[in-house]
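Below is one structure; the comments refer to it alone.
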Amino acid sequence: MRLGRRAALILGVLRIYLAQANFAPHFFDNGAGSTNGNMALFSLPEDTPVGSHVYTLNGTDPEGEPISYHISFDPSTRNVFSVDPNVGSITLVEELDREKEDEIEAIISISDGLNLVAEKVVILVTDANDEAPRFIQEPYVVLVPENTPPGSSIFKVHAEDKDTGSGGSVTYFLQNLHSSKFTMDRHSGVLRLQTGATLDYEKSRTHFITVVAKDGGGRLRGADVMFSATATVTINVEDVQDTAPIFVGTPYYGYVYEDTLPGSEVLTVVAIDGDRGKPNHILYRLLNESDGIFEINETTGAISVLQSPAQLRREVYELHVQVTEVNSPGSPGAQAMVPVTIRIVDLNNHPPTFYGESGPQNKFELSMYEHPPQGEILRGLKITVNDSDQGANAKFNLRLVGPGGIFRVVPQTVLNEAQVTIIVENSAAIDFEKSKLLTFKLLAIEVNTPEKFSSTADIVIQLLDTNDNVPKFTSPYYIARIPENSPGGSNVVAVTAVDPDTGPWGKVQYSIYGTGSDLFLIHPSTGLIYTQPWASLDAEGTSRYNFYVKAEDMDGRYSLAEVFVTLLDVNDHYPQFVQSIQEKTMVLGTSVKIEATDQDAEEPNNLVDYSITRAEPINVFDIDAHTGEIWLKNSIHSLEALHNITPSGDYSWSLQVQAKDRGSPSFSTTALLKIDITDTETLSRGSMAAFLIQTKDNPMKAVGVLAGVMATVVAITVLISTATFWRNKKSNKVLPVKRVLRRRPSPAPHTVRTEWLKFRRTKAASKFILKEDTPNENCNNSSAQITVPPRAPALPQPPKMASSTKQTVPTVSGSITLQSPQELPKPKPLEGSIQSSLVSELKQKFEKKILDNKAYF
């Protein structure tokens with residue numbers, strides 16, 4: 001036991017010694033702007049997102065022991081940050097708000113397991129533009145006198161923005177600048193009455209103005225933002241004394257009945273101050289003498305009778321009442337005057353009665369045209385209403401009973417007797433097409449009597465029709481489709497217009513006009529549109545027509561509609577080849593193309609398919625049904641192969657090709673195609689021969705090339721001549737022009753090969769004669785003719801002309817100079833028989849084209 005206690009004591013002493021020798025860890029101080037260390041002078045924007053890594057605590061231990069980091073806050077505050085104890089990474093866990101808390105105190109600590117070092121740090125929260133301006137001391141209600149001078153300051157608004165910098169600066173402006181009488185100083189917030197603007201209490205007692213406060217903008221979460229706030233300023237206009245008194249309920253009529261007691265009130269005159277904001281007191285008085293019969297209460301305006309009605313000698317009394325405002329002492333009061341009529345009446349014992357020109361009448365009739373002018377008086381009605389009683393007993397109201405809003409009766413209140421006037425109130429409702437007869441009851445009923453005597457009169461108005469309606473088409477446009485082969489006089493479409501007027505005004509006459517109406521007619525009464533008797537419609541020429549149809553009544557009132565006519569294409573054209581007999585030259589490995597056109601306007605009538613209808617043997621050529629391209633079958637690769645499958649061993653072919661459209665019924669046309677087949681070896685033996693073969697099917701190409709060559713030669717000759725002339729002119733002598741002509745050496749002739757080809761062509765053309773099939777009803781008439789088998793082209797006879805006259809005929813290879821027969825040179829075998837034959841054939845085609853063009857012109 002003693003040994004164990006001694007060992008424990010020694011171990012404790014050792015631990016104390018080691019602890020005293022262990023140095024404490026410490027933070028690095030990296031200063032302001034650093035994101036790691038001891039958070040000295042560290043600041044953080046208030047819009048930093050929660051969860052962001054904001055700082056890294058960094059320190060060391062002198063002994064190199066592992067260290068850990070901690071952060072703590074005062075218990076009364078919230079924990080804003082959290083720290084990773086191992087790496088010291090500090091994360092924001094609570095939202096920041098600089099306006100509520102601009103500094104955050106925290107205790108950071110570092111520990112090596114034995115020693116703990118703690119430091120108190122203050123984190124500054126920097127501002128972000130996250131606050132909007134806020135108006136102070138709302139609501140804004142301002143009382144402004146109506147005589148405030150223009151340009152005066154009225155009120156000052158104030159808004160605060162808790163942000164700092166530009167985000168905390170506030171400017172002011174009005175939301176509706178164009179419609180306001182007020183203006184706002186953008187910096188001070190002072191509201192002023194605009195220059196030239198005035199206030200009027202009697203017109204507008206209150207004005208509502210929306211003021212906008214806007215900050216200067218700033219950064220928030222990485223973006224530039226700007227906040228604003230609005231406030232409403234209510235401006236109550238204060239009345240000032242600038243308006244005279246106003247009487248209410250004018251005109252004034254009073255009635256004194258025969259049983260009225262002296263001192264009774266007859267009527268009350270009411271006047272108010274025109275300045276309604278702070279009205280003054282009103283005093284009443286009678287201006288004219290009333291002979292002691294009437295008096296008025298100066299404060300209430302009540303007029304009373306002082307004598308018995310039996311003592312009164314007059315039936316009507318005209319009084320004038322003056323009112324005066326009571327102002328402050330020393331200032332004159334505004335005045336106004338109104339007449340008052342007082343009638344002496346007896347007891348109520350007569351009902352109102354209607355009278356016509358011949359006496360009492362309870363039915364009045366009138367004929368009038370529909371849609372009279374607004375406010376027109378029905379002068380044909382001569383109605384008088386009368387109540388024989390006196391005073392209030394003779395006061396009654398008039399009103400019309402029937403369809404409302406059409407007429408208005410005047411007057412509406414009658415005393416004793418009045419001429420009744422009926423005025424048009426709604427002209428549109430007086431419509432003959434809706435109702436030919438309007439009936440009303442004119443009702444007269446007493447107002448203030450217990451008996452409420454009344455009487456009625458019937459008013460019957462017979463309406464007469466006018467031409468107030470325009471003919472209206474059942475549709476704004478009409479669409480018609482007719483086949484192009486429709487004969488003349490065919491119906492196209494029927495248009496209809498309705499005019500609800502009666503008599504001649506309701507009769508509609510139709511007509512058409514416009515650029516597209518030449519081929520059409522319209523029946524003037526029924527509106528049926530049909531083609532002209534001589535019209536020949538052609539969808540290929542014009543497929544759509546557009547014109548206008550007009551419906552007009554007897555007075556010239558009209559309306560228009562648009563007509564669209566579309567011609568439906570009919571398959572009425574045959575496919576047409578350029579020539580009924582065509583000649584093509586095919587080089588092995590290439591194709592030749594035939595082409596036919598169909599003049600129909602629409603698909604499928606104008607779509608053409610091609611086929612070979614006859615060939616011997618049939619397994620030599622293929623044709624593309626859509627493009628018309630013809631080529632040798634893939635099994636034929638050389639002239640020898642073609643020679644082997646040809647019974648006569650010929651290289652010239654005559655095919656019967658057909659072009660057939662896709663219409664219903666379908667039309668077709670056939671043509672004879674002559675094909676000369678050669679290969680690239682033959683073309684390579686002479687450039688001239690190759691060119692002539694290539695341009696055999698297009699002689700105009702050869703002529704174009706020749707014209708270009710000749711133009712080049714002429715231009716070079718002119719330049720050389722011009723240069724020679726100027727050189728000789730400068731040397732003052734004329735030098736002779738020498739021209740040396742050298743003959744090009746002739747190549748070895750290929751007479752045997754040429755003659756063999758010529759012999760083979762002639763033999764093939766003579767033995768391959770196609771016979772036309774019996775034409776069907778859809779075939780073109782030209783295809784029914786028997787096609788003449790192709791022959792070798794022969795040279796044309798030279799024209800008869802004088803021996804001294806020369807004529808140049810353009811050909812593929814240039815121009816051939818025709819001379820007299822005895823001067824014709826012998827053909828030279830330089831180009832061979834193939835070239836001569838091709839030149840003759842091209843020349844014949846070119847001359848034929850010239851003759852065709854002349855015949856056309």
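Labels for the structure tokens follow display order: chains A, B, ..., residues from 1 in each chain, ligands from 1.
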Using DSSP on the backbone coordinates, identify the residues of segment 453-525 of chain A assigned to strand (DSSP E); present them as number ranges by chain. A: 454-464, 472-473, 477-483, 491-494, 497-498, 509-513, 520-522
Please produce a file of the residues just selected, as a CSV table (one decimal), in the first residue's frame, where the atoms kept are C-alpha atoms.
chain,number,residue,atom,x,y,z
A,454,SER,CA,-106.2,62.8,-62.0
A,455,SER,CA,-107.1,62.3,-65.6
A,456,THR,CA,-105.6,60.6,-68.7
A,457,ALA,CA,-105.5,61.1,-72.4
A,458,ASP,CA,-104.4,58.5,-75.0
A,459,ILE,CA,-101.7,59.5,-77.5
A,460,VAL,CA,-101.5,57.4,-80.6
A,461,ILE,CA,-98.5,58.0,-83.0
A,462,GLN,CA,-98.6,56.4,-86.4
A,463,LEU,CA,-95.1,56.0,-87.7
A,464,LEU,CA,-94.2,56.6,-91.4
A,472,LYS,CA,-76.9,44.7,-96.0
A,473,PHE,CA,-75.3,41.6,-97.4
A,477,TYR,CA,-67.5,38.2,-98.8
A,478,TYR,CA,-68.6,35.3,-101.1
A,479,ILE,CA,-66.3,32.5,-102.3
A,480,ALA,CA,-67.2,30.5,-105.4
A,481,ARG,CA,-65.4,27.7,-107.3
A,482,ILE,CA,-66.3,26.8,-110.9
A,483,PRO,CA,-64.6,24.5,-113.4
A,491,ASN,CA,-74.0,30.3,-112.7
A,492,VAL,CA,-71.2,31.3,-110.3
A,493,VAL,CA,-72.7,32.3,-106.9
A,494,ALA,CA,-75.8,34.1,-105.7
A,497,ALA,CA,-78.7,41.7,-99.5
A,498,VAL,CA,-81.6,42.7,-97.3
A,509,GLN,CA,-80.5,46.5,-107.1
A,510,TYR,CA,-77.3,44.6,-107.6
A,511,SER,CA,-74.2,45.5,-109.7
A,512,ILE,CA,-70.6,44.4,-109.9
A,513,TYR,CA,-67.5,46.3,-110.6
A,520,PHE,CA,-69.1,38.2,-115.2
A,521,LEU,CA,-72.6,39.5,-115.0
A,522,ILE,CA,-75.1,39.8,-112.2
Spatial neighbours of Glu295 of chain A, 10 Å, only C-alpha atoms, chain gap at least 6 places, as an MDAnalysis selection string: chainID A and resid 263 265 285:286 289 301:306
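Residues in contact with segment 197-199 of chain A at 12 Å, where only C-alpha atoms are counted and same-chain residues fewer than 4 positions away are skipped, are listed as Leu143, Val144, Pro145, Glu146, Asn147, Thr148, Pro149, Pro150, Gly151, Ser152, Ser179, Ser180, Lys181, Phe182, Thr183, Arg192, Leu193, Lys203, Ser204, Arg205, Thr206, His207, Ile235, Asn236, Val237, Glu238, Asp239 and Val240 of chain A.
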Which of segment 214-409 of chain A fall in helix (DSSP H, G or I), as a PyMOL selection string: chain A and resi 309-311+391-394
Dump as a PDB file, in the first residue's frame, selection limited to N, CA and C atoms:
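Okay, out.pdb is ready:
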ATOM      1  N   PRO A 309    -107.530  85.698 -46.461  1.00  0.00           N
ATOM      2  CA  PRO A 309    -107.631  85.644 -47.928  1.00  0.00           C
ATOM      3  C   PRO A 309    -108.896  86.316 -48.450  1.00  0.00           C
ATOM      4  N   ALA A 310    -109.927  86.354 -47.667  1.00  0.00           N
ATOM      5  CA  ALA A 310    -111.171  86.980 -48.141  1.00  0.00           C
ATOM      6  C   ALA A 310    -110.999  88.481 -48.335  1.00  0.00           C
ATOM      7  N   GLN A 311    -110.012  89.094 -47.625  1.00  0.00           N
ATOM      8  CA  GLN A 311    -109.804  90.535 -47.737  1.00  0.00           C
ATOM      9  C   GLN A 311    -108.866  90.899 -48.899  1.00  0.00           C
ATOM     10  N   GLY A 391    -104.560  78.012 -56.553  1.00  0.00           N
ATOM     11  CA  GLY A 391    -103.510  77.727 -55.590  1.00  0.00           C
ATOM     12  C   GLY A 391    -102.979  76.312 -55.719  1.00  0.00           C
ATOM     13  N   ALA A 392    -102.713  75.703 -54.547  1.00  0.00           N
ATOM     14  CA  ALA A 392    -102.134  74.361 -54.523  1.00  0.00           C
ATOM     15  C   ALA A 392    -103.074  73.327 -55.097  1.00  0.00           C
ATOM     16  N   ASN A 393    -104.363  73.587 -55.075  1.00  0.00           N
ATOM     17  CA  ASN A 393    -105.304  72.621 -55.654  1.00  0.00           C
ATOM     18  C   ASN A 393    -105.149  72.495 -57.167  1.00  0.00           C
ATOM     19  N   ALA A 394    -104.562  73.493 -57.773  1.00  0.00           N
ATOM     20  CA  ALA A 394    -104.386  73.466 -59.233  1.00  0.00           C
ATOM     21  C   ALA A 394    -102.975  73.031 -59.626  1.00  0.00           C
TER      22      ALA A 394
END
I'd like the neighbourhood of segment 639-646 of chain A as number ranges by chain, where a residue qualifies if any of its atoms comes within 9 Å (using only C-alpha atoms), though same-chain residues fewer than 6 positions away should be ignored. A: 588, 616-617, 620, 677-679
Residue subset to file, keeping C-alpha atoms, as a PDB file, in the first residue's frame:
ATOM      1  CA  LEU A 588     -21.248   5.954-122.822  1.00  0.00           C
ATOM      2  CA  GLU A 616     -35.985  -3.105-130.267  1.00  0.00           C
ATOM      3  CA  PRO A 617     -34.560  -4.813-128.382  1.00  0.00           C
ATOM      4  CA  VAL A 620     -31.024  -1.637-123.990  1.00  0.00           C
ATOM      5  CA  ILE A 677     -24.151   6.453-129.145  1.00  0.00           C
ATOM      6  CA  THR A 678     -20.421   7.097-128.981  1.00  0.00           C
ATOM      7  CA  ASP A 679     -17.701   6.706-126.408  1.00  0.00           C
TER       8      ASP A 679
END
Which residues, written as a PyMOL selection string, have at least one atom at most 8 Å from segment 210-219 of chain A, with only C-alpha atoms counted and residues fewer than 6 positions away on the same chain left out? chain A and resi 128-129+132-135+159+161+166-176+225-233
